[in-house]
>>> print(open('coords_22.cif').read())   # mmCIF, C-alpha atoms
data_target
loop_
_atom_site.group_PDB
_atom_site.id
_atom_site.type_symbol
_atom_site.label_atom_id
_atom_site.label_comp_id
_atom_site.auth_asym_id
_atom_site.auth_seq_id
_atom_site.Cartn_x
_atom_site.Cartn_y
_atom_site.Cartn_z
ATOM 1 C CA MET Q 5 -16.305 76.443 17.856
ATOM 2 C CA SER Q 6 -17.918 78.727 15.315
ATOM 3 C CA ILE Q 7 -16.737 82.086 13.989
ATOM 4 C CA VAL Q 8 -19.332 84.675 13.094
ATOM 5 C CA PHE Q 9 -18.453 87.289 10.475
ATOM 6 C CA PRO Q 10 -20.300 90.545 9.713
ATOM 7 C CA ASN Q 11 -22.401 90.150 6.572
ATOM 8 C CA ARG Q 12 -20.806 92.810 4.479
ATOM 9 C CA SER Q 13 -17.237 91.601 4.889
ATOM 10 C CA SER Q 14 -17.902 87.830 4.905
ATOM 11 C CA SER Q 15 -16.361 87.084 1.474
ATOM 12 C CA LYS Q 16 -13.247 89.052 2.347
ATOM 13 C CA ALA Q 17 -12.889 87.211 5.654
ATOM 14 C CA LYS Q 18 -13.336 83.839 3.952
ATOM 15 C CA ALA Q 19 -10.557 84.661 1.510
ATOM 16 C CA LEU Q 20 -8.242 85.623 4.383
ATOM 17 C CA ILE Q 21 -8.984 82.381 6.235
ATOM 18 C CA LEU Q 22 -8.280 80.327 3.095
ATOM 19 C CA ILE Q 23 -4.941 82.044 2.525
ATOM 20 C CA GLY Q 24 -4.020 81.621 6.193
ATOM 21 C CA THR Q 25 -4.839 77.897 6.051
ATOM 22 C CA LEU Q 26 -2.752 77.346 2.938
ATOM 23 C CA VAL Q 27 0.211 79.168 4.453
ATOM 24 C CA GLY Q 28 -0.139 77.144 7.654
ATOM 25 C CA ILE Q 29 -0.189 73.847 5.805
ATOM 26 C CA GLY Q 30 2.807 74.839 3.748
ATOM 27 C CA GLY Q 31 4.757 75.857 6.828
ATOM 28 C CA LEU Q 32 3.913 72.643 8.592
ATOM 29 C CA GLY Q 33 5.080 70.620 5.602
ATOM 30 C CA TYR Q 34 8.382 72.537 5.460
ATOM 31 C CA TRP Q 35 8.920 72.087 9.159
ATOM 32 C CA SER Q 36 8.325 68.277 9.120
ATOM 33 C CA GLY Q 37 9.696 67.525 5.655
ATOM 34 C CA GLY Q 38 13.137 66.375 6.763
ATOM 35 C CA ARG Q 39 11.811 63.935 9.344
ATOM 36 C CA VAL Q 40 9.220 62.407 7.054
ATOM 37 C CA LYS Q 41 11.806 61.962 4.367
ATOM 38 C CA SER Q 42 14.286 60.163 6.641
ATOM 39 C CA ALA Q 43 11.651 57.936 8.240
ATOM 40 C CA THR Q 44 9.654 56.790 5.236
ATOM 41 C CA ALA Q 45 10.805 57.978 1.859
ATOM 42 C CA SER Q 46 14.436 56.894 1.912
ATOM 43 C CA ALA Q 47 15.633 53.274 1.908
ATOM 44 C CA PRO Q 48 17.174 51.888 5.131
ATOM 45 C CA THR Q 49 20.800 52.822 5.400
ATOM 46 C CA VAL Q 50 23.521 50.466 6.533
ATOM 47 C CA ALA Q 51 25.278 51.759 9.587
ATOM 48 C CA ASN Q 52 29.031 51.488 9.567
ATOM 49 C CA GLU Q 53 29.230 51.999 13.281
ATOM 50 C CA PRO Q 54 29.329 49.162 15.823
ATOM 51 C CA THR Q 55 26.093 47.480 16.877
ATOM 52 C CA GLN Q 56 25.521 49.776 19.845
ATOM 53 C CA VAL Q 57 25.653 52.876 17.726
ATOM 54 C CA GLY Q 58 23.625 51.159 15.040
ATOM 55 C CA SER Q 59 20.925 50.236 17.494
ATOM 56 C CA GLU Q 60 20.669 53.883 18.451
ATOM 57 C CA LYS Q 61 20.146 54.778 14.839
ATOM 58 C CA LYS Q 62 17.716 51.912 14.323
ATOM 59 C CA SER Q 63 14.960 54.020 15.766
ATOM 60 C CA GLN Q 64 15.693 56.560 13.055
ATOM 61 C CA GLY Q 65 15.246 53.950 10.228
ATOM 62 C CA TYR Q 66 18.771 52.471 10.035
ATOM 63 C CA VAL Q 67 19.511 48.732 9.748
ATOM 64 C CA THR Q 68 22.757 47.324 11.066
ATOM 65 C CA ARG Q 69 25.149 45.351 8.898
ATOM 66 C CA ASP Q 70 24.544 42.246 11.031
ATOM 67 C CA GLU Q 71 20.818 42.530 10.574
ATOM 68 C CA LEU Q 72 21.207 42.915 6.854
ATOM 69 C CA SER Q 73 23.470 39.863 6.685
ATOM 70 C CA ALA Q 74 20.960 37.838 8.666
ATOM 71 C CA LEU Q 75 18.212 38.988 6.353
ATOM 72 C CA ARG Q 76 20.249 37.963 3.316
ATOM 73 C CA VAL Q 77 20.912 34.507 4.786
ATOM 74 C CA GLU Q 78 17.242 34.075 5.546
ATOM 75 C CA MET Q 79 16.234 35.157 2.054
ATOM 76 C CA ARG Q 80 18.769 32.792 0.488
ATOM 77 C CA ALA Q 81 17.427 29.900 2.580
ATOM 78 C CA GLU Q 82 13.882 30.661 1.572
ATOM 79 C CA PHE Q 83 14.875 30.983 -2.078
ATOM 80 C CA ARG Q 84 16.638 27.619 -1.851
ATOM 81 C CA GLU Q 85 13.555 25.983 -0.322
ATOM 82 C CA VAL Q 86 11.304 27.387 -2.995
ATOM 83 C CA THR Q 87 13.705 26.228 -5.720
ATOM 84 C CA GLN Q 88 13.855 22.727 -4.258
ATOM 85 C CA ALA Q 89 10.088 22.539 -3.980
ATOM 86 C CA LEU Q 90 9.728 23.604 -7.583
ATOM 87 C CA GLY Q 91 12.288 20.984 -8.659
ATOM 88 C CA ALA Q 92 10.470 18.242 -6.760
ATOM 89 C CA LEU Q 93 7.180 19.305 -8.262
ATOM 90 C CA GLN Q 94 8.660 19.267 -11.736
ATOM 91 C CA SER Q 95 10.185 15.798 -11.341
ATOM 92 C CA ALA Q 96 6.950 14.422 -9.860
ATOM 93 C CA THR Q 97 4.996 15.802 -12.776
ATOM 94 C CA THR Q 98 7.463 14.299 -15.239
ATOM 95 C CA SER Q 99 7.326 10.893 -13.513
ATOM 96 C CA ALA Q 100 3.542 10.888 -13.486
ATOM 97 C CA ALA Q 101 3.461 11.796 -17.162
ATOM 98 C CA ASN Q 102 5.964 9.031 -18.012
ATOM 99 C CA ALA Q 103 4.021 6.481 -15.955
ATOM 100 C CA ALA Q 104 0.784 7.435 -17.654
ATOM 101 C CA ALA Q 105 2.433 7.151 -21.060
ATOM 102 C CA ALA Q 106 3.918 3.740 -20.197
ATOM 103 C CA LYS Q 107 0.593 2.507 -18.897
ATOM 104 C CA THR Q 108 -1.159 3.633 -22.049
ATOM 105 C CA THR Q 109 1.460 1.945 -24.201
ATOM 106 C CA GLY Q 110 1.286 -1.266 -22.152
ATOM 107 C CA ALA Q 111 -2.498 -1.325 -22.270
ATOM 108 C CA ALA Q 112 -2.442 -0.776 -25.998
ATOM 109 C CA SER Q 113 0.020 -3.600 -26.613
ATOM 110 C CA GLU Q 114 -1.922 -5.892 -24.256
ATOM 111 C CA GLY Q 115 -5.106 -4.934 -26.024
ATOM 112 C CA ASN Q 116 -3.576 -5.799 -29.380
ATOM 113 C CA ALA Q 117 -2.359 -9.162 -28.075
ATOM 114 C CA GLU Q 118 -5.807 -9.855 -26.606
ATOM 115 C CA SER Q 119 -7.672 -8.823 -29.705
ATOM 116 C CA ALA Q 120 -5.784 -11.123 -32.007
ATOM 117 C CA PRO Q 121 -4.779 -14.474 -30.492
ATOM 118 C CA ASP Q 122 -2.631 -16.486 -32.818
ATOM 119 C CA GLU Q 123 -3.402 -19.987 -34.056
ATOM 120 C CA ASN Q 124 -1.354 -21.623 -31.352
ATOM 121 C CA GLN Q 125 -3.188 -19.738 -28.627
ATOM 122 C CA ILE Q 126 -6.542 -20.678 -30.098
ATOM 123 C CA ARG Q 127 -5.444 -24.297 -30.263
ATOM 124 C CA GLU Q 128 -4.279 -24.253 -26.633
ATOM 125 C CA TYR Q 129 -7.473 -22.544 -25.561
ATOM 126 C CA ASP Q 130 -9.524 -25.309 -27.163
ATOM 127 C CA LYS Q 131 -7.246 -27.908 -25.643
ATOM 128 C CA SER Q 132 -7.654 -26.512 -22.127
ATOM 129 C CA LYS Q 133 -11.424 -26.581 -22.475
ATOM 130 C CA THR Q 134 -11.266 -30.121 -23.786
ATOM 131 C CA VAL Q 135 -9.273 -31.163 -20.718
ATOM 132 C CA ILE Q 136 -11.942 -29.710 -18.427
ATOM 133 C CA GLN Q 137 -14.784 -31.312 -20.398
ATOM 134 C CA GLY Q 138 -13.038 -34.669 -20.348
ATOM 135 C CA ALA Q 139 -12.539 -34.445 -16.587
ATOM 136 C CA LEU Q 140 -16.148 -33.425 -16.048
ATOM 137 C CA ARG Q 141 -17.273 -36.697 -17.618
ATOM 138 C CA THR Q 142 -15.533 -38.617 -14.866
ATOM 139 C CA GLY Q 143 -15.842 -36.022 -12.106
ATOM 140 C CA THR Q 144 -12.145 -36.349 -11.388
ATOM 141 C CA TRP Q 145 -9.387 -33.819 -11.911
ATOM 142 C CA SER Q 146 -6.194 -35.795 -12.179
ATOM 143 C CA ALA Q 147 -2.545 -34.819 -12.008
ATOM 144 C CA ASP Q 148 -2.334 -35.426 -15.780
ATOM 145 C CA ASP Q 149 -5.272 -33.072 -16.326
ATOM 146 C CA ARG Q 150 -3.557 -30.490 -14.215
ATOM 147 C CA ARG Q 151 -0.306 -30.835 -16.142
ATOM 148 C CA ALA Q 152 -1.982 -30.534 -19.547
ATOM 149 C CA PHE Q 153 -4.148 -27.622 -18.410
ATOM 150 C CA ARG Q 154 -1.208 -25.773 -16.983
ATOM 151 C CA ALA Q 155 0.819 -26.239 -20.162
ATOM 152 C CA SER Q 156 -2.005 -24.632 -22.123
ATOM 153 C CA LEU Q 157 -2.307 -21.749 -19.660
ATOM 154 C CA GLU Q 158 1.273 -20.748 -20.252
ATOM 155 C CA THR Q 159 0.582 -19.876 -23.859
ATOM 156 C CA LEU Q 160 -2.797 -18.173 -23.454
ATOM 157 C CA PRO Q 161 -3.417 -14.435 -23.381
ATOM 158 C CA SER Q 162 -4.768 -13.079 -20.137
ATOM 159 C CA SER Q 163 -8.476 -12.966 -20.973
ATOM 160 C CA MET Q 164 -8.549 -16.527 -22.330
ATOM 161 C CA ARG Q 165 -6.535 -17.768 -19.402
ATOM 162 C CA ASP Q 166 -8.869 -16.162 -16.862
ATOM 163 C CA GLU Q 167 -11.865 -17.663 -18.636
ATOM 164 C CA VAL Q 168 -10.679 -21.272 -18.522
ATOM 165 C CA ILE Q 169 -9.347 -20.914 -14.969
ATOM 166 C CA SER Q 170 -12.767 -19.650 -13.944
ATOM 167 C CA GLN Q 171 -14.456 -22.651 -15.599
ATOM 168 C CA LEU Q 172 -12.201 -25.051 -13.742
ATOM 169 C CA LEU Q 173 -12.609 -23.374 -10.342
ATOM 170 C CA VAL Q 174 -16.389 -23.146 -10.636
ATOM 171 C CA ALA Q 175 -16.521 -26.868 -11.500
ATOM 172 C CA ILE Q 176 -14.310 -27.719 -8.512
ATOM 173 C CA ASN Q 177 -16.138 -25.506 -6.012
ATOM 174 C CA SER Q 178 -19.503 -26.951 -7.072
ATOM 175 C CA ASP Q 179 -18.192 -30.517 -6.558
ATOM 176 C CA ARG Q 180 -18.519 -31.393 -10.243
ATOM 177 C CA LEU Q 181 -14.774 -31.943 -10.268
ATOM 178 C CA LYS Q 182 -12.626 -33.307 -7.502
ATOM 179 C CA PRO Q 183 -8.835 -33.511 -7.579
ATOM 180 C CA ASN Q 184 -7.556 -37.039 -6.993
ATOM 181 C CA TYR Q 185 -4.144 -35.719 -5.941
ATOM 182 C CA LYS Q 186 -2.993 -33.292 -3.253
ATOM 183 C CA GLY Q 187 -2.092 -29.771 -4.209
ATOM 184 C CA PRO Q 188 -3.202 -26.782 -6.252
ATOM 185 C CA PRO Q 189 -5.759 -27.224 -9.055
ATOM 186 C CA PHE Q 190 -3.333 -26.031 -11.728
ATOM 187 C CA MET A 17 17.208 -61.184 38.221
ATOM 188 C CA GLY A 18 16.805 -58.581 40.973
ATOM 189 C CA PHE A 19 19.828 -56.622 39.834
ATOM 190 C CA ALA A 20 18.676 -56.643 36.214
ATOM 191 C CA PHE A 21 15.218 -55.430 37.261
ATOM 192 C CA LYS A 22 16.689 -52.575 39.253
ATOM 193 C CA ARG A 23 18.903 -51.600 36.359
ATOM 194 C CA TRP A 24 15.958 -51.467 33.922
ATOM 195 C CA ALA A 25 13.873 -49.583 36.476
ATOM 196 C CA LEU A 26 16.644 -46.979 36.733
ATOM 197 C CA VAL A 27 16.885 -46.669 32.959
ATOM 198 C CA GLY A 28 13.112 -46.247 32.754
ATOM 199 C CA ALA A 29 13.065 -43.590 35.427
ATOM 200 C CA VAL A 30 15.831 -41.596 33.736
ATOM 201 C CA SER A 31 14.056 -41.845 30.382
ATOM 202 C CA GLY A 32 10.817 -40.728 31.978
ATOM 203 C CA PHE A 33 12.405 -37.647 33.494
ATOM 204 C CA GLY A 34 14.031 -36.917 30.159
ATOM 205 C CA VAL A 35 10.705 -37.006 28.365
ATOM 206 C CA VAL A 36 9.060 -34.798 30.992
ATOM 207 C CA PHE A 37 11.795 -32.177 30.907
ATOM 208 C CA ALA A 38 12.048 -32.272 27.116
ATOM 209 C CA ALA A 39 8.317 -31.677 26.833
ATOM 210 C CA SER A 40 8.397 -28.791 29.275
ATOM 211 C CA ALA A 41 11.184 -27.137 27.260
ATOM 212 C CA TYR A 42 8.565 -26.177 24.613
ATOM 213 C CA ALA A 43 6.680 -23.579 26.565
ATOM 214 C CA GLY A 44 4.060 -21.163 25.380
ATOM 215 C CA TYR A 45 0.549 -21.342 24.113
ATOM 216 C CA ALA A 46 0.012 -23.514 21.055
ATOM 217 C CA TRP A 47 -2.991 -23.640 18.745
ATOM 218 C CA THR A 48 -3.328 -25.903 15.750
ATOM 219 C CA PRO A 49 -6.509 -24.941 13.917
ATOM 220 C CA ALA A 50 -7.692 -27.559 11.464
ATOM 221 C CA VAL A 51 -8.894 -26.910 7.926
ATOM 222 C CA TYR A 52 -12.488 -25.769 7.912
ATOM 223 C CA ILE A 53 -14.673 -25.200 4.856
ATOM 224 C CA ASP A 54 -17.860 -23.152 5.031
ATOM 225 C CA ASN A 55 -19.927 -23.799 1.915
ATOM 226 C CA THR A 56 -22.633 -21.371 2.974
ATOM 227 C CA ASN A 57 -20.321 -18.390 3.162
ATOM 228 C CA HIS A 58 -17.929 -19.775 0.560
ATOM 229 C CA THR A 59 -14.888 -19.599 2.805
ATOM 230 C CA ALA A 60 -12.067 -21.998 3.589
ATOM 231 C CA GLU A 61 -9.609 -21.555 6.430
ATOM 232 C CA GLY A 62 -6.892 -23.323 8.339
ATOM 233 C CA SER A 63 -3.244 -23.373 9.293
ATOM 234 C CA PHE A 64 -0.286 -25.312 8.001
ATOM 235 C CA VAL A 65 0.541 -26.642 11.447
ATOM 236 C CA GLY A 66 -3.082 -27.591 12.083
ATOM 237 C CA ALA A 67 -3.283 -29.558 8.869
ATOM 238 C CA ARG A 68 0.035 -31.295 9.492
ATOM 239 C CA THR A 69 -0.845 -32.313 13.048
ATOM 240 C CA SER A 70 -4.475 -33.176 12.347
ATOM 241 C CA GLY A 71 -4.046 -36.922 12.738
ATOM 242 C CA ASN A 72 -5.462 -37.659 9.308
ATOM 243 C CA SER A 73 -3.823 -37.798 5.918
ATOM 244 C CA VAL A 74 -6.592 -35.951 4.134
ATOM 245 C CA GLU A 75 -6.645 -32.288 5.085
ATOM 246 C CA TYR A 76 -4.276 -29.644 3.821
ATOM 247 C CA ILE A 77 -4.265 -25.997 2.892
ATOM 248 C CA GLY A 78 -1.989 -23.969 0.679
ATOM 249 C CA VAL A 79 -1.309 -21.196 -1.752
ATOM 250 C CA THR A 80 0.659 -21.204 -4.957
ATOM 251 C CA ILE A 81 1.903 -18.398 -7.155
ATOM 252 C CA ASN A 82 3.323 -18.444 -10.663
ATOM 253 C CA ASP A 83 3.570 -16.091 -13.614
ATOM 254 C CA PHE A 84 -0.104 -16.255 -14.484
ATOM 255 C CA ALA A 85 -2.068 -16.799 -11.272
ATOM 256 C CA VAL A 86 -2.253 -16.910 -7.499
ATOM 257 C CA THR A 87 -4.300 -19.840 -6.269
ATOM 258 C CA TYR A 88 -5.499 -20.670 -2.765
ATOM 259 C CA TYR A 89 -6.762 -24.176 -2.024
ATOM 260 C CA ALA A 90 -7.832 -26.308 0.915
ATOM 261 C CA GLN A 91 -9.176 -29.764 1.636
ATOM 262 C CA ASP A 92 -10.849 -30.564 4.939
ATOM 263 C CA ALA A 93 -10.929 -33.834 6.849
ATOM 264 C CA SER A 94 -14.013 -35.014 4.970
ATOM 265 C CA GLY A 95 -12.219 -34.602 1.634
ATOM 266 C CA THR A 96 -14.088 -31.491 0.479
ATOM 267 C CA TYR A 97 -11.806 -29.451 -1.744
ATOM 268 C CA ARG A 98 -12.184 -25.735 -2.456
ATOM 269 C CA SER A 99 -10.049 -23.254 -4.339
ATOM 270 C CA CYS A 100 -10.002 -19.698 -5.601
ATOM 271 C CA GLY A 101 -7.734 -17.747 -7.909
ATOM 272 C CA HIS A 102 -6.840 -14.128 -8.489
ATOM 273 C CA PRO A 103 -7.655 -13.256 -12.088
ATOM 274 C CA GLY A 104 -4.805 -11.960 -14.195
ATOM 275 C CA ALA A 105 -1.095 -12.138 -13.675
ATOM 276 C CA PRO A 106 -0.070 -11.584 -10.043
ATOM 277 C CA GLY A 107 0.559 -7.948 -9.214
ATOM 278 C CA THR A 108 2.474 -6.403 -6.369
ATOM 279 C CA THR A 109 -0.461 -6.716 -3.970
ATOM 280 C CA GLU A 110 -0.883 -10.426 -4.597
ATOM 281 C CA ARG A 111 2.835 -11.063 -4.294
ATOM 282 C CA ILE A 112 2.998 -9.254 -0.946
ATOM 283 C CA GLU A 113 -0.076 -11.172 0.172
ATOM 284 C CA VAL A 114 1.488 -14.523 -0.583
ATOM 285 C CA SER A 115 4.847 -13.605 0.930
ATOM 286 C CA THR A 116 3.069 -12.754 4.181
ATOM 287 C CA ILE A 117 1.968 -16.350 4.641
ATOM 288 C CA SER A 118 4.476 -18.439 6.572
ATOM 289 C CA ASN A 119 4.780 -21.581 8.625
ATOM 290 C CA GLN A 120 3.135 -19.705 11.514
ATOM 291 C CA SER A 121 0.143 -18.624 9.467
ATOM 292 C CA TRP A 122 -3.539 -19.170 9.686
ATOM 293 C CA PHE A 123 -5.496 -17.846 6.741
ATOM 294 C CA ARG A 124 -8.948 -17.751 5.259
ATOM 295 C CA PHE A 125 -9.935 -17.253 1.653
ATOM 296 C CA LYS A 126 -13.332 -16.636 0.120
ATOM 297 C CA TRP A 127 -14.393 -17.707 -3.353
ATOM 298 C CA ASP A 128 -16.997 -16.371 -5.721
ATOM 299 C CA PRO A 129 -19.186 -19.389 -6.638
ATOM 300 C CA ASN A 130 -19.970 -17.882 -10.053
ATOM 301 C CA THR A 131 -16.409 -17.182 -11.145
ATOM 302 C CA GLY A 132 -14.125 -19.115 -8.817
ATOM 303 C CA TYR A 133 -12.180 -15.930 -8.241
ATOM 304 C CA CYS A 134 -10.991 -14.965 -4.773
ATOM 305 C CA VAL A 135 -13.098 -12.396 -2.994
ATOM 306 C CA ALA A 136 -11.579 -9.867 -0.598
ATOM 307 C CA PRO A 137 -10.755 -9.743 2.170
ATOM 308 C CA LEU A 138 -8.186 -12.457 2.434
ATOM 309 C CA ASP A 139 -7.542 -12.954 6.147
ATOM 310 C CA ILE A 140 -4.013 -13.809 7.242
ATOM 311 C CA GLN A 141 -2.736 -14.192 10.807
ATOM 312 C CA ASN A 142 0.819 -14.935 11.848
ATOM 313 C CA ASN A 143 1.159 -16.139 15.435
ATOM 314 C CA SER A 144 3.812 -17.646 17.652
ATOM 315 C CA PHE A 145 1.280 -20.198 18.851
ATOM 316 C CA MET A 146 0.936 -21.666 15.372
ATOM 317 C CA SER A 147 4.604 -22.550 14.956
ATOM 318 C CA SER A 148 5.626 -25.966 13.813
ATOM 319 C CA PRO A 149 5.726 -28.504 16.676
#
>>> encode(input="coords_22.cif", output="structure tokens")
Amino acid sequence: MSIVFPNRSSSKAKALILIGTLVGIGGLGYWSGGRVKSATASAPTVANEPTQVGSEKKSQGYVTRDELSALRVEMRAEFREVTQALGALQSATTSAANAAAAKTTGAASEGNAESAPDENQIREYDKSKTVIQGALRTGTWSADDRRAFRASLETLPSSMRDEVISQLLVAINSDRLKPNYKGPPF
Amino acid sequence: MGFAFKRWALVGAVSGFGVVFAASAYAGYAWTPAVYIDNTNHTAEGSFVGARTSGNSVEYIGVTINDFAVTYYAQDASGTYRSCGHPGAPGTTERIEVSTISNQSWFRFKWDPNTGYCVAPLDIQNNSFMSSP
């Protein structure tokens, strides 16, 4: 729909329309102000009336006391769950950090022990190799060899121990050594 | 003479029935796999019950664990002996592995010919049909 104004009075008519529009908007706002305020601007109000009455007022933005209590219980439960989850996360993080620290410490101490074998360990290392070399000359791994070898193993650091065990097992599995007793090689 | 013969025949018959019924009391499938060594694939396998009931005094198979190693070993009927060890002190995995092996076990281990160390996977089976006779 279009409104046509005479040319000479067009500015006057435009002014009148603008004023009329502003007045209309203002009146509309005054008329609906109360309802808008109760529905959106104000916080929900707790109804003191019984549930039936409260449910009638619910459509007007009210929340019943029972509903509010339920909401509080639900919020408490959720808060508790979140708190527990945070606690579990914190303890897991602490445990992982402690384990990492312990592992680092253990590796460092093992590394120190490995890097500097004492005289006794060196002597036992040589002895274990001598036992293998002596057995290789005869091709037989005897119970006495086993006993002596095992006694040396007990004093050796891990890397030395693995080395001599490997030498023995390779010799056995290639038939250069054969146990003359029944049982484990060491 | 005739009475004595009858008496011994009766005793024999009773004993025979006893043996038959005693044997049938051990029902169920039984398997006693012997120790077998495969030098091509570097594996050794067998069961405790198979080695014990093999009819020879040569073959055996076993595993031992102590503070510094876990060692698997086997000797077949021809006298061939093979072994492998887990490097390093036994960890939780090795301890669980060893504790899994029982009187009803059949197992197979594989060795690395260059190091003598055990190579995964270790194969362990526990079966009712490998129980002790």
>>> interface_residues(input="coords_22.cif", of="chain Q", to="chain A", cutoff="6 Å", atoms="only C-alpha atoms", output="PDB file with C-alpha atoms, in the coordinates of the input")
ATOM      1  CA  ASP Q 166      -8.869 -16.162 -16.862  1.00  0.00           C
ATOM      2  CA  SER Q 170     -12.767 -19.650 -13.944  1.00  0.00           C
ATOM      3  CA  LEU Q 173     -12.609 -23.374 -10.342  1.00  0.00           C
ATOM      4  CA  VAL Q 174     -16.389 -23.146 -10.636  1.00  0.00           C
ATOM      5  CA  ASN Q 177     -16.138 -25.506  -6.012  1.00  0.00           C
TER       6      ASN Q 177
END
>>> residues_around(input="coords_22.cif", residues="Tyr52 (chain A)", least_positions_apart="6", cutoff="6 Å", atoms="all atoms listed in the file", output="ChimeraX atom specification")
/A:60-61,92
>>> atom_distance(input="coords_22.cif", atom1="CA of Gly143 (chain Q)", atom2="CA of Gly71 (chain A)")
27.5 Å
>>> resolve_selection(input="coords_22.cif", expression="the PyMOL selection byres ((chain Q and resi 135) around 10)", output="PyMOL selection string")
chain Q and resi 130-134+136-140+145+148-150+152-153+156+172
>>> closest_residue(input="coords_22.cif", among="Q:Arg141, Q:Arg84, Q:Arg76, Q:Arg69", to="Ala175 (chain Q)", atoms="only C-alpha atoms")
Q:Arg141
>>> resolve_selection(input="coords_22.cif", expression="the PyMOL selection byres ((chain A and resi 111-116) around 9)", output="PyMOL selection string")
chain A and resi 79-81+86+106-110+117-118+121+138+140-142
>>> residues_around(input="coords_22.cif", residues="Asp139 (chain A)", least_positions_apart="5", cutoff="8 Å", atoms="all atoms listed in the file", output="ChimeraX atom specification")
/A:123-125
>>> resolve_selection(input="coords_22.cif", expression="the PyMOL selection byres ((chain Q and resi 125) around 9)", output="list in words")
Pro121, Asp122, Glu123, Asn124, Ile126, Arg127, Glu128, Tyr129, Asp130, Ser156, Thr159, Leu160, Pro161 and Met164 of chain Q
>>> atom_distance(input="coords_22.cif", atom1="CA of Thr48 (chain A)", atom2="CA of Pro189 (chain Q)")
25.0 Å
>>> residues_around(input="coords_22.cif", residues="Thr144 (chain Q)", least_positions_apart="2", cutoff="9 Å", atoms="all atoms listed in the file", output="list in words")
Ala139, Leu140, Arg141, Thr142, Ser146, Arg180, Leu181, Lys182, Pro183 and Asn184 of chain Q
>>> write_last_selection(input="coords_22.cif", atoms="C-alpha atoms", output="CSV table (one decimal), in the coordinates of the input")
chain,number,residue,atom,x,y,z
Q,139,ALA,CA,-12.5,-34.4,-16.6
Q,140,LEU,CA,-16.1,-33.4,-16.0
Q,141,ARG,CA,-17.3,-36.7,-17.6
Q,142,THR,CA,-15.5,-38.6,-14.9
Q,146,SER,CA,-6.2,-35.8,-12.2
Q,180,ARG,CA,-18.5,-31.4,-10.2
Q,181,LEU,CA,-14.8,-31.9,-10.3
Q,182,LYS,CA,-12.6,-33.3,-7.5
Q,183,PRO,CA,-8.8,-33.5,-7.6
Q,184,ASN,CA,-7.6,-37.0,-7.0
>>> axis_aligned_box(input="coords_22.cif", around="region 58-65 of chain A", padding_each_side="3 Å", output="lines of an AutoDock Vina configuration file")
center_x = -8.7
center_y = -23.1
center_z = 6.0
size_x = 24.5
size_y = 13.0
size_z = 16.9
>>> atom_distance(input="coords_22.cif", atom1="CA of Trp122 (chain A)", atom2="CA of Asn57 (chain A)")
18.0 Å
>>> closest_residue(input="coords_22.cif", among="A:Asn82, A:Ser73, A:Ser147, A:Ser94", to="Lys186 (chain Q)", atoms="all atoms listed in the file")
A:Ser73
>>> residues_around(input="coords_22.cif", residues="Thr69 (chain A)", least_positions_apart="6", cutoff="12 Å", atoms="only C-alpha atoms", output="PyMOL selection string")
chain A and resi 46-51+62-63+75-76+93+146-149
>>> decode(input="coords_22.cif", residues="region 144-155 of chain Q", atoms="N, CA and C atoms", output="compact mmCIF listing (two decimals), in the first residue's frame")
# COMPACT_ATOMS: atom_id res chain seq x y z
N THR Q 144 81.03 -79.69 26.49
CA THR Q 144 80.08 -80.16 27.51
C THR Q 144 79.85 -79.09 28.56
N TRP Q 145 78.60 -78.87 28.89
CA TRP Q 145 78.22 -77.95 29.95
C TRP Q 145 77.78 -78.80 31.13
N SER Q 146 78.60 -78.81 32.15
CA SER Q 146 78.35 -79.72 33.27
C SER Q 146 77.58 -79.02 34.39
N ALA Q 147 77.15 -79.82 35.34
CA ALA Q 147 76.45 -79.27 36.51
C ALA Q 147 77.37 -78.34 37.31
N ASP Q 148 78.68 -78.67 37.33
CA ASP Q 148 79.64 -77.80 38.03
C ASP Q 148 79.78 -76.47 37.29
N ASP Q 149 79.80 -76.54 35.96
CA ASP Q 149 79.86 -75.30 35.17
C ASP Q 149 78.63 -74.43 35.48
N ARG Q 150 77.52 -75.08 35.49
CA ARG Q 150 76.27 -74.36 35.76
C ARG Q 150 76.32 -73.68 37.12
N ARG Q 151 76.78 -74.40 38.11
CA ARG Q 151 76.83 -73.88 39.48
C ARG Q 151 77.77 -72.67 39.56
N ALA Q 152 78.94 -72.81 38.97
CA ALA Q 152 79.92 -71.70 39.00
C ALA Q 152 79.39 -70.48 38.22
N PHE Q 153 78.79 -70.75 37.08
CA PHE Q 153 78.26 -69.68 36.24
C PHE Q 153 77.15 -68.93 36.97
N ARG Q 154 76.30 -69.68 37.58
CA ARG Q 154 75.17 -69.09 38.29
C ARG Q 154 75.64 -68.24 39.48
N ALA Q 155 76.66 -68.72 40.16
CA ALA Q 155 77.19 -67.96 41.29
C ALA Q 155 77.74 -66.61 40.81
